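**Student:** Just so it is clear, I am handing over final-v1.cif, which has mmCIF, C-alpha atoms and all ligand atoms.
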data_upload
loop_
_atom_site.label_atom_id
_atom_site.label_comp_id
_atom_site.auth_asym_id
_atom_site.auth_seq_id
_atom_site.Cartn_x
_atom_site.Cartn_y
_atom_site.Cartn_z
CA MET A 1 79.83 87.72 118.59
CA MET A 2 82.55 86.23 116.36
CA LEU A 3 85.82 86.51 118.24
CA PRO A 4 89.07 87.04 116.37
CA VAL A 5 91.17 83.90 116.47
CA PHE A 6 94.34 84.07 118.59
CA ASN A 7 96.51 81.06 119.37
CA ARG A 8 98.24 82.83 122.25
CA ILE A 9 97.49 85.99 124.24
CA TYR A 10 100.23 87.63 126.33
CA ILE A 11 99.30 90.15 129.01
CA ASP A 12 102.13 92.38 130.19
CA LYS A 13 102.23 93.14 133.90
CA THR A 14 101.55 96.83 133.16
CA SER A 15 98.22 95.85 131.59
CA GLU A 16 97.05 93.20 134.08
CA ASN A 17 94.57 95.50 135.81
CA SER A 18 93.16 97.08 132.67
CA GLU A 19 89.56 96.82 131.52
CA VAL A 20 90.72 95.23 128.24
CA ALA A 21 92.65 92.49 130.07
CA ALA A 22 89.57 91.69 132.16
CA ARG A 23 87.43 91.52 129.04
CA VAL A 24 89.92 89.38 127.13
CA ARG A 25 90.19 87.00 130.11
CA SER A 26 86.41 86.69 130.17
CA LEU A 27 86.19 85.90 126.44
CA TYR A 28 89.14 83.56 125.73
CA PRO A 29 90.12 80.23 127.30
CA SER A 30 92.66 80.60 130.13
CA GLU A 31 94.97 77.99 128.51
CA ILE A 32 95.99 80.43 125.77
CA ILE A 33 96.53 83.43 128.09
CA VAL A 34 100.01 84.01 129.58
CA SER A 35 101.02 86.76 132.02
CA ILE A 36 104.43 88.18 131.21
CA ASP A 37 106.92 90.91 131.97
CA GLU A 38 107.55 92.38 128.52
CA THR A 39 110.98 93.67 129.58
CA ASP A 40 112.20 90.16 130.45
CA PRO A 41 115.21 89.67 128.09
CA SER A 42 114.36 86.00 127.62
CA LEU A 43 111.16 87.10 125.78
CA ALA A 44 112.93 89.42 123.36
CA ASP A 45 112.89 86.90 120.50
CA THR A 46 109.30 85.87 121.17
CA LEU A 47 107.96 89.42 121.07
CA ASN A 48 110.19 91.45 118.78
CA LYS A 49 112.59 91.05 115.95
CA LYS A 50 115.09 93.37 114.37
CA GLY A 51 114.56 93.93 110.63
CA MET A 52 111.75 92.51 108.54
CA MET A 53 109.87 89.40 109.57
CA THR A 54 109.66 86.32 107.39
CA ALA A 55 106.28 85.53 105.84
CA ASP A 56 105.66 82.83 108.49
CA GLU A 57 106.59 85.15 111.32
CA PHE A 58 104.26 87.81 109.92
CA ASN A 59 101.41 85.27 109.67
CA ASP A 60 102.06 84.15 113.26
CA SER A 61 102.04 87.75 114.49
CA LYS A 62 98.40 88.00 113.42
CA LYS A 63 97.52 85.06 115.68
CA THR A 64 99.45 86.20 118.76
CA LEU A 65 98.06 89.08 120.81
CA LEU A 66 99.96 91.20 123.32
CA LEU A 67 98.13 93.50 125.70
CA THR A 68 100.59 96.13 126.82
CA THR A 69 100.97 99.84 127.53
CA PHE A 70 102.29 102.28 124.93
CA LYS A 71 105.31 104.17 126.21
CA GLY A 72 105.53 106.97 123.57
CA GLN A 73 103.33 109.75 122.26
CA PHE A 74 99.99 108.48 120.97
CA PHE A 75 98.91 111.47 118.92
CA LYS A 76 100.79 112.00 115.63
CA ARG A 77 100.41 113.65 112.23
CA CYS A 78 99.39 111.49 109.30
CA PRO A 79 102.47 110.05 107.51
CA GLY A 80 101.56 111.84 104.27
CA ALA A 81 101.81 115.21 105.98
CA THR A 82 105.48 114.64 106.82
CA GLN A 83 106.23 114.23 103.11
CA LYS A 84 104.44 117.43 102.25
CA LYS A 85 106.93 118.48 99.60
CA ALA A 86 105.86 115.46 97.56
CA LEU A 87 102.24 114.85 98.56
CA THR A 88 99.12 116.94 98.96
CA CYS A 89 97.72 116.02 102.34
CA CYS A 90 94.73 116.85 104.49
CA ASN A 91 94.88 117.87 108.17
CA TYR A 92 94.79 114.41 109.61
CA HIS A 93 96.20 113.20 112.91
CA VAL A 94 96.55 109.61 113.95
CA LEU A 95 96.00 107.95 117.27
CA ASN A 96 97.44 104.44 117.33
CA LEU A 97 95.79 102.29 119.96
CA GLY A 98 97.48 99.09 118.83
CA SER A 99 99.28 97.58 115.88
CA GLN A 100 98.87 94.70 113.40
CA CYS A 101 95.56 93.50 112.03
CA ASN A 102 93.54 90.32 112.24
CA MET A 103 92.52 90.63 108.58
CA ASN A 104 94.80 89.91 105.66
CA CYS A 105 94.91 92.12 102.57
CA SER A 106 97.53 91.21 100.00
CA TYR A 107 98.70 94.82 99.59
CA CYS A 108 98.77 95.70 103.31
CA TYR A 109 101.59 98.12 104.06
CA LEU A 110 102.05 96.63 107.52
CA GLN A 111 104.02 93.87 105.77
CA SER A 112 106.93 96.25 105.38
CA TYR A 113 106.28 98.32 108.46
CA LEU A 114 105.93 96.06 111.47
CA ASN A 115 108.67 94.12 113.18
CA SER A 116 106.80 93.01 116.28
CA ARG A 117 105.96 89.34 116.37
CA THR A 118 102.64 90.06 118.03
CA SER A 119 99.49 92.00 117.40
CA LYS A 120 99.29 94.68 120.06
CA ILE A 121 96.50 96.40 121.89
CA PHE A 122 97.60 99.31 124.06
CA THR A 123 95.60 99.25 127.26
CA ASN A 124 96.48 102.77 128.47
CA ILE A 125 93.76 104.51 126.48
CA ASP A 126 93.33 106.96 129.36
CA GLN A 127 96.79 108.35 128.55
CA ALA A 128 95.79 108.69 124.89
CA LEU A 129 92.66 110.57 125.92
CA SER A 130 94.62 112.90 128.18
CA GLU A 131 96.97 113.71 125.25
CA LEU A 132 93.92 114.46 123.15
CA LYS A 133 92.43 116.57 125.92
CA GLU A 134 95.61 118.62 126.22
CA MET A 135 95.50 119.37 122.48
CA ALA A 136 91.75 119.87 122.36
CA ASP A 137 91.79 122.33 125.27
CA LEU A 138 94.53 124.32 123.55
CA HIS A 139 92.80 124.32 120.17
CA PRO A 140 89.09 123.58 120.67
CA ASP A 141 88.09 125.64 117.62
CA GLN A 142 90.57 124.21 115.11
CA PRO A 143 89.04 121.58 112.83
CA PHE A 144 91.44 118.78 113.75
CA ARG A 145 90.67 115.38 112.30
CA VAL A 146 91.75 112.39 114.36
CA GLY A 147 91.84 108.88 112.93
CA THR A 148 92.57 105.60 114.68
CA GLY A 149 93.16 103.36 111.68
CA GLU A 150 96.81 103.81 110.70
CA VAL A 151 98.59 100.66 111.92
CA ILE A 152 95.55 98.78 113.16
CA ASP A 153 92.03 98.60 111.80
CA SER A 154 89.88 101.01 113.85
CA LEU A 155 87.04 98.60 114.52
CA SER A 156 88.01 94.99 113.75
CA LEU A 157 89.10 94.39 117.38
CA ASP A 158 86.83 97.02 118.87
CA HIS A 159 84.41 94.44 120.25
CA LEU A 160 87.35 93.35 122.47
CA THR A 161 88.46 96.84 123.54
CA LEU A 162 85.25 98.91 123.27
CA TYR A 163 87.56 101.91 122.68
CA SER A 164 85.12 103.38 120.17
CA ARG A 165 82.75 104.13 123.05
CA LYS A 166 85.36 106.09 125.01
CA LEU A 167 86.49 107.99 121.92
CA ILE A 168 82.98 108.95 120.81
CA GLU A 169 82.06 110.17 124.29
CA PHE A 170 85.32 112.11 124.52
CA MET A 171 84.93 113.75 121.11
CA ASN A 172 81.34 114.76 121.89
CA GLN A 173 82.92 117.41 124.14
CA TYR A 174 84.80 118.95 121.17
CA PRO A 175 82.26 119.35 118.38
CA LYS A 176 84.69 121.16 116.06
CA TRP A 177 87.05 118.19 116.10
CA THR A 178 86.32 115.15 113.95
CA LEU A 179 86.93 111.54 114.92
CA GLU A 180 87.32 109.07 112.07
CA PHE A 181 87.15 105.31 112.38
CA LYS A 182 88.50 103.51 109.34
CA THR A 183 87.69 99.86 108.88
CA LYS A 184 87.20 96.90 106.59
CA SER A 185 85.14 95.10 109.23
CA ASN A 186 81.43 95.37 109.96
CA HIS A 187 81.82 95.73 113.74
CA VAL A 188 79.68 98.71 114.66
CA ASP A 189 76.99 97.35 117.01
CA GLN A 190 79.16 97.97 120.09
CA PHE A 191 78.75 101.76 119.85
CA LEU A 192 75.47 102.30 118.02
CA ASP A 193 73.55 102.99 121.23
CA LEU A 194 75.69 106.11 121.84
CA ALA A 195 74.62 109.56 120.73
CA SER A 196 77.15 111.51 118.69
CA VAL A 197 77.15 115.29 118.32
CA GLY A 198 77.77 114.68 114.62
CA ASN A 199 81.57 114.75 114.64
CA THR A 200 82.23 110.99 114.47
CA VAL A 201 82.74 109.64 110.97
CA VAL A 202 82.67 105.88 110.48
CA SER A 203 84.52 105.15 107.27
CA TRP A 204 85.05 102.09 105.17
CA SER A 205 87.87 101.24 102.85
CA ILE A 206 85.92 99.71 100.04
CA ASN A 207 86.57 98.01 96.75
CA PRO A 208 84.37 96.14 94.29
CA PRO A 209 83.42 92.61 95.43
CA TYR A 210 85.80 91.18 92.80
CA ILE A 211 88.78 92.84 94.52
CA ILE A 212 87.54 92.18 98.06
CA ASN A 213 87.17 88.48 97.32
CA ARG A 214 90.59 88.21 95.66
CA GLU A 215 92.77 90.53 97.68
CA GLU A 216 91.15 91.46 101.02
CA HIS A 217 91.13 88.15 102.86
CA GLY A 218 89.28 87.87 106.15
CA THR A 219 87.58 91.26 105.76
CA ALA A 220 83.85 91.92 105.82
CA ARG A 221 82.20 91.26 102.46
CA PHE A 222 81.09 94.17 100.25
CA ASP A 223 77.43 93.84 101.25
CA GLU A 224 78.37 93.53 104.95
CA ARG A 225 80.31 96.80 104.83
CA ILE A 226 77.40 98.55 103.08
CA GLU A 227 74.93 97.19 105.66
CA ALA A 228 77.17 98.33 108.55
CA ALA A 229 77.42 101.81 106.99
CA LYS A 230 73.63 101.96 106.65
CA LYS A 231 73.25 101.04 110.32
CA CYS A 232 75.60 103.88 111.28
CA ARG A 233 73.72 106.34 109.08
CA ALA A 234 70.43 105.27 110.66
CA LYS A 235 71.85 106.15 114.09
CA GLY A 236 73.00 109.59 112.98
CA PHE A 237 76.70 108.87 112.47
CA LYS A 238 78.40 110.34 109.44
CA VAL A 239 79.83 107.75 107.06
CA ALA A 240 82.67 107.96 104.55
CA PHE A 241 84.22 105.68 101.96
CA HIS A 242 87.83 105.29 100.90
CA ILE A 243 87.97 103.63 97.48
CA ASP A 244 91.54 102.77 98.17
CA PRO A 245 93.58 101.11 96.87
CA MET A 246 92.00 101.02 93.44
CA ILE A 247 93.58 98.01 91.76
CA TRP A 248 94.03 97.75 88.02
CA HIS A 249 92.74 94.57 86.34
CA PRO A 250 91.32 93.94 82.88
CA GLU A 251 87.71 94.51 84.00
CA TRP A 252 88.47 97.45 86.28
CA LYS A 253 86.09 99.86 84.57
CA GLU A 254 83.09 97.52 84.91
CA ASN A 255 83.91 96.66 88.52
CA TYR A 256 84.56 100.22 89.70
CA SER A 257 81.40 101.36 87.84
CA PHE A 258 79.47 98.76 89.82
CA LEU A 259 80.96 100.09 93.05
CA ALA A 260 80.06 103.69 92.15
CA GLU A 261 76.50 102.68 91.23
CA GLU A 262 76.02 100.72 94.45
CA LEU A 263 77.26 103.61 96.60
CA ASN A 264 74.96 105.97 94.70
CA ARG A 265 72.02 103.57 95.06
CA GLU A 266 72.46 103.01 98.80
CA PHE A 267 73.53 106.52 99.89
CA LYS A 268 72.94 110.15 99.05
CA PRO A 269 75.88 112.58 98.84
CA SER A 270 74.43 114.32 101.91
CA ASP A 271 74.78 111.03 103.89
CA VAL A 272 78.46 110.64 103.05
CA HIS A 273 81.06 112.91 104.57
CA ILE A 274 83.65 112.26 101.86
CA ILE A 275 84.77 109.73 99.27
CA SER A 276 88.52 109.44 98.90
CA LEU A 277 90.34 107.74 96.08
CA GLY A 278 93.76 106.15 96.08
CA THR A 279 95.52 103.71 93.78
CA LEU A 280 97.70 100.75 94.70
CA ARG A 281 101.01 101.68 96.33
CA PHE A 282 103.44 99.86 98.55
CA GLN A 283 107.02 99.89 99.72
CA PRO A 284 109.43 98.01 97.43
CA GLU A 285 110.75 95.92 100.32
CA GLN A 286 107.38 94.21 100.89
CA ARG A 287 107.14 92.78 97.39
CA HIS A 288 109.01 89.62 98.29
CA MET A 289 106.84 88.96 101.35
CA MET A 290 103.65 89.55 99.35
CA ARG A 291 104.78 87.03 96.74
CA GLU A 292 105.59 84.50 99.43
CA ARG A 293 102.27 85.02 101.20
CA PHE A 294 99.89 85.43 98.25
CA GLY A 295 101.67 83.90 95.26
CA LEU A 296 101.48 85.24 91.74
CA ASP A 297 97.70 84.84 91.44
CA SER A 298 97.28 88.11 93.27
CA LEU A 299 96.61 91.20 91.14
CA VAL A 300 98.92 93.05 93.51
CA THR A 301 101.97 90.83 93.32
CA ARG A 302 101.67 90.69 89.51
CA ALA A 303 101.26 94.44 89.04
CA GLU A 304 103.79 96.46 87.11
CA MET A 305 104.85 99.20 89.48
CA PHE A 306 107.25 102.13 89.31
CA ALA A 307 109.33 103.97 91.88
CA SER A 308 107.48 107.09 92.92
CA GLU A 309 106.95 109.74 95.61
CA GLY A 310 107.60 108.80 99.21
CA ASN A 311 109.83 105.89 98.12
CA LYS A 312 106.74 103.88 97.21
CA LEU A 313 105.96 101.80 94.16
CA ARG A 314 102.90 103.00 92.27
CA TYR A 315 101.26 102.46 88.92
CA ASP A 316 102.52 104.56 86.06
CA ALA A 317 101.22 108.15 86.38
CA THR A 318 99.07 107.77 83.25
CA ILE A 319 97.22 104.75 84.69
CA ARG A 320 96.73 106.50 88.04
CA SER A 321 95.34 109.53 86.35
CA GLU A 322 93.05 107.46 84.11
CA MET A 323 91.66 105.55 87.09
CA PHE A 324 91.05 108.73 89.11
CA GLN A 325 89.44 110.56 86.21
CA PHE A 326 87.24 107.59 85.39
CA MET A 327 85.98 107.28 88.97
CA ILE A 328 85.46 111.01 89.49
CA LYS A 329 83.54 111.27 86.19
CA LYS A 330 81.46 108.23 87.05
CA MET A 331 80.50 109.46 90.54
CA LYS A 332 79.79 112.99 89.31
CA SER A 333 77.65 111.65 86.44
CA LEU A 334 75.55 109.78 88.99
CA ASP A 335 75.25 112.87 91.18
CA PRO A 336 77.37 116.03 90.84
CA ALA A 337 77.11 116.57 94.61
CA TRP A 338 79.48 113.70 95.51
CA ASN A 339 82.43 115.04 97.50
CA ILE A 340 85.60 113.32 96.27
CA PHE A 341 89.28 113.74 97.05
CA LEU A 342 92.55 111.96 96.36
CA CYS A 343 94.50 110.41 99.20
CA MET A 344 98.29 110.89 99.40
CA GLU A 345 98.69 112.09 95.84
CA THR A 346 100.95 114.63 94.22
CA PRO A 347 99.75 118.10 93.15
CA GLU A 348 100.39 116.99 89.52
CA THR A 349 97.92 114.10 89.85
CA TRP A 350 95.34 116.41 91.46
CA ILE A 351 95.63 118.79 88.55
CA GLN A 352 95.29 115.96 86.02
CA ALA A 353 92.24 114.54 87.83
CA PHE A 354 90.43 117.73 88.86
CA ASP A 355 92.21 120.47 86.93
CA LYS A 356 92.81 122.03 90.36
CA VAL A 357 94.70 121.52 93.61
CA PRO A 358 92.54 120.92 96.73
CA MET A 359 92.66 124.51 98.02
CA GLN A 360 91.01 125.60 94.75
CA LEU A 361 88.05 123.27 95.33
CA PRO A 362 85.60 125.03 97.68
CA GLU A 363 84.14 121.78 99.04
CA LEU A 364 87.60 120.55 100.12
CA ARG A 365 89.20 123.76 101.31
CA SER A 366 88.45 123.21 104.99
CA LEU A 367 90.01 119.74 104.90
CA PHE A 368 93.27 120.94 103.43
CA LYS A 369 93.63 124.39 105.01
CA PRO A 370 96.91 124.30 106.96
CA LEU A 371 96.46 124.35 110.73
CA PRO A 372 98.84 126.08 113.11
CA VAL A 373 101.83 123.91 113.94
CA VAL A 374 101.18 123.23 117.58
CA ARG A 375 103.79 120.59 118.25
CA ASP A 376 106.34 118.80 116.18
CA PHE A 377 104.41 115.61 115.52
CA GLN A 378 106.57 112.90 114.05
CA SER A 379 104.99 110.29 111.88
CA THR A 380 105.63 106.64 112.59
CA THR A 381 106.54 106.01 108.97
S1 LIG B 401 92.37 95.74 106.81
FE1 LIG B 401 93.98 97.28 106.59
S2 LIG B 401 95.43 96.84 108.23
FE2 LIG B 401 94.13 95.02 107.97
S3 LIG B 401 95.24 93.68 106.56
FE3 LIG B 401 93.84 94.94 105.34
S4 LIG B 401 95.07 96.72 104.72
FE4 LIG B 401 96.15 95.73 106.43
#
What do you get writing this file as structure tokens?
**Tutor:**
Amino acid sequence: MMLPVFNRIYIDKTSENSEVAARVRSLYPSEIIVSIDETDPSLADTLNKKGMMTADEFNDSKKTLLLTTFKGQFFKRCPGATQKKALTCCNYHVLNLGSQCNMNCSYCYLQSYLNSRTSKIFTNIDQALSELKEMADLHPDQPFRVGTGEVIDSLSLDHLTLYSRKLIEFMNQYPKWTLEFKTKSNHVDQFLDLASVGNTVVSWSINPPYIINREEHGTARFDERIEAAKKCRAKGFKVAFHIDPMIWHPEWKENYSFLAEELNREFKPSDVHIISLGTLRFQPEQRHMMRERFGLDSLVTRAEMFASEGNKLRYDATIRSEMFQFMIKKMKSLDPAWNIFLCMETPETWIQAFDKVPMQLPELRSLFKPLPVVRDFQSTT
């Protein structure tokens, strides 16, 4: 097993007796592990920082791990849903079991979102599961979708935490709910021996190899992601792909055609729960950090972007629409049964791409049908 590289691992006193702390202690040399009291004021500068981090501080935060307990509410609505006047969003809820990522994509939105100087794993997963249980017992028949990959990759540290195992076993009790892992890693072996009742979706953010090699540093290669997805399919797990963010470059049509053809060659539409499409977007305030960290060779830092919905920079609407229409046409020409939707896009873009909004597309209606508001979930962003 390839372990993620950490130069220092802090364990807060509230996490000392957790299963994750025991596992981390068994896997990493004791010299890099330090027991702390996170509330100690003398550690404030080491652990947290007000405002945005510098590029160096952000890089260091990927190499410093903190095991701690989460003090707030785990279960939240997807950020897109809180901007519902501007964006057309599906019924997605997020469960954050940590923050920061050990991989390094040039466009990563965490660059403008995080201000902790450490990567965090929350060790109180039992509290997260009891929040889920409370909701699931109240609404066992509502088709809630729960994802764990908002501010941390769902699976890239999962061989340290083994949280996937607890989540799959928990969700097996609520077959109408769907659990979605979202990853750019190929770490799936740790849960493949478990049976699923068919409501766990293992999904990959995927791009053509050209983009992965240039912009998604430290992630699993294209062929590794495809192999991991095939392993999951062979064990009866649903798989999904997020072609997101699509990144414009002179050869984008050839490269995204290749991606579509590979997905169509390796999978059947009936194997794949959904394919979502999104184009490059990021917060304006992260542009400077991206330039400092990735230079001007990156297709992301060089891109011409425009202020858009949700205070994000996006490509011009015509380019977005062209990229979506191209990809939808390509996938549908390979097999009309491919199930495709747009992630965090405006109704106008939906209409340009599909000639319809999601509720008018029978195959997507259940994903977008509004659910009863059961609690005022606040998004983290
Ligand atoms: S895998 Fe996701 S969370 Fe990790 S660096 Fe890339 S975009 Fe960010």
**Student:** Can you pull out every residue with an atom within 6 Å of ligand LIG 401 (chain B)? Use only C-alpha atoms and all ligand atoms and format it as an MDAnalysis selection string.
**Tutor:** chainID A and resid 101 103:105 108 152:153 184
**Student:** Given all atoms listed in the file as the basis, pick out the residue of A:Asn59, A:Gln100, A:Gln73, A:Ser30 nearest to Arg293 of chain A.
**Tutor:**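 The closest residue to Arg293 of chain A is A:Asn59.
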**Student:** Pick from A:Thr219, A:Ser156, A:Thr64, A:Thr123: nearest to Gln190 of chain A, with only C-alpha atoms counted?
**Tutor:** A:Ser156
**Student:** For a cutoff of 10 Å around the file-coordinate point (109.2, 91.6, 116.7), which residues qualify once you count only C-alpha atoms? I'd like the result as a list in words.
**Tutor:**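 These residues have at least one counted atom within 10 Å: Ala44, Asp45, Thr46, Leu47, Asn48, Lys49, Lys50, Gly51, Met52, Met53, Glu57, Phe58, Ser61, Leu114, Asn115, Ser116, Arg117, Thr118 and Ser119 of chain A.
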**Student:** Selected residues, C-alpha atoms, written as an mmCIF file, in the frame of the given file, please.
**Tutor:**
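File out-v1.cif, as written:
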data_model
loop_
_atom_site.group_PDB
_atom_site.id
_atom_site.type_symbol
_atom_site.label_atom_id
_atom_site.label_comp_id
_atom_site.auth_asym_id
_atom_site.auth_seq_id
_atom_site.Cartn_x
_atom_site.Cartn_y
_atom_site.Cartn_z
ATOM 1 C CA ALA A 44 112.930 89.420 123.360
ATOM 2 C CA ASP A 45 112.890 86.900 120.500
ATOM 3 C CA THR A 46 109.300 85.870 121.170
ATOM 4 C CA LEU A 47 107.960 89.420 121.070
ATOM 5 C CA ASN A 48 110.190 91.450 118.780
ATOM 6 C CA LYS A 49 112.590 91.050 115.950
ATOM 7 C CA LYS A 50 115.090 93.370 114.370
ATOM 8 C CA GLY A 51 114.560 93.930 110.630
ATOM 9 C CA MET A 52 111.750 92.510 108.540
ATOM 10 C CA MET A 53 109.870 89.400 109.570
ATOM 11 C CA GLU A 57 106.590 85.150 111.320
ATOM 12 C CA PHE A 58 104.260 87.810 109.920
ATOM 13 C CA SER A 61 102.040 87.750 114.490
ATOM 14 C CA LEU A 114 105.930 96.060 111.470
ATOM 15 C CA ASN A 115 108.670 94.120 113.180
ATOM 16 C CA SER A 116 106.800 93.010 116.280
ATOM 17 C CA ARG A 117 105.960 89.340 116.370
ATOM 18 C CA THR A 118 102.640 90.060 118.030
ATOM 19 C CA SER A 119 99.490 92.000 117.400
#
**Student:** Of the candidates A:Ile226, A:Leu296, A:Leu65, A:Ile243, which shows the shortest atom-to-atom distance to Glu266 of chain A, using only C-alpha atoms?
**Tutor:** A:Ile226
**Student:** Which distance in Å separates atom CA of Tyr109 of chain A and atom CA of Ala260 of chain A, to one decimal?
**Tutor:**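 Those two atoms sit 25.2 Å apart.
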**Student:** To one decimal in Å, tell me the separation between atom CA of Met290 of chain A and atom CA of Gln111 of chain A.
**Tutor:**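 Answer for the atom CA of Met290 of chain A to atom CA of Gln111 of chain A separation: 7.7 Å.
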**Student:** Between A:Pro209, A:Gly198, A:Gly149, A:Gly218, single out the one closest to Val239 of chain A, counting all atoms listed in the file.
**Tutor:**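 Among the listed residues, A:Gly198 lies closest to Val239 of chain A.
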**Student:** List as a PyMOL selection string the residues having at least one atom at most 12 Å from position (94.9, 84.9, 92.2) as given in the file, counting all atoms listed in the file.
**Tutor:** chain A and resi 106+210-217+249+291+293-303
**Student:** When you draw a straight line from atom CA of Glu16 of chain A to atom CA of Leu132 of chain A, how long is it in Å?
**Tutor:** 24.1 Å
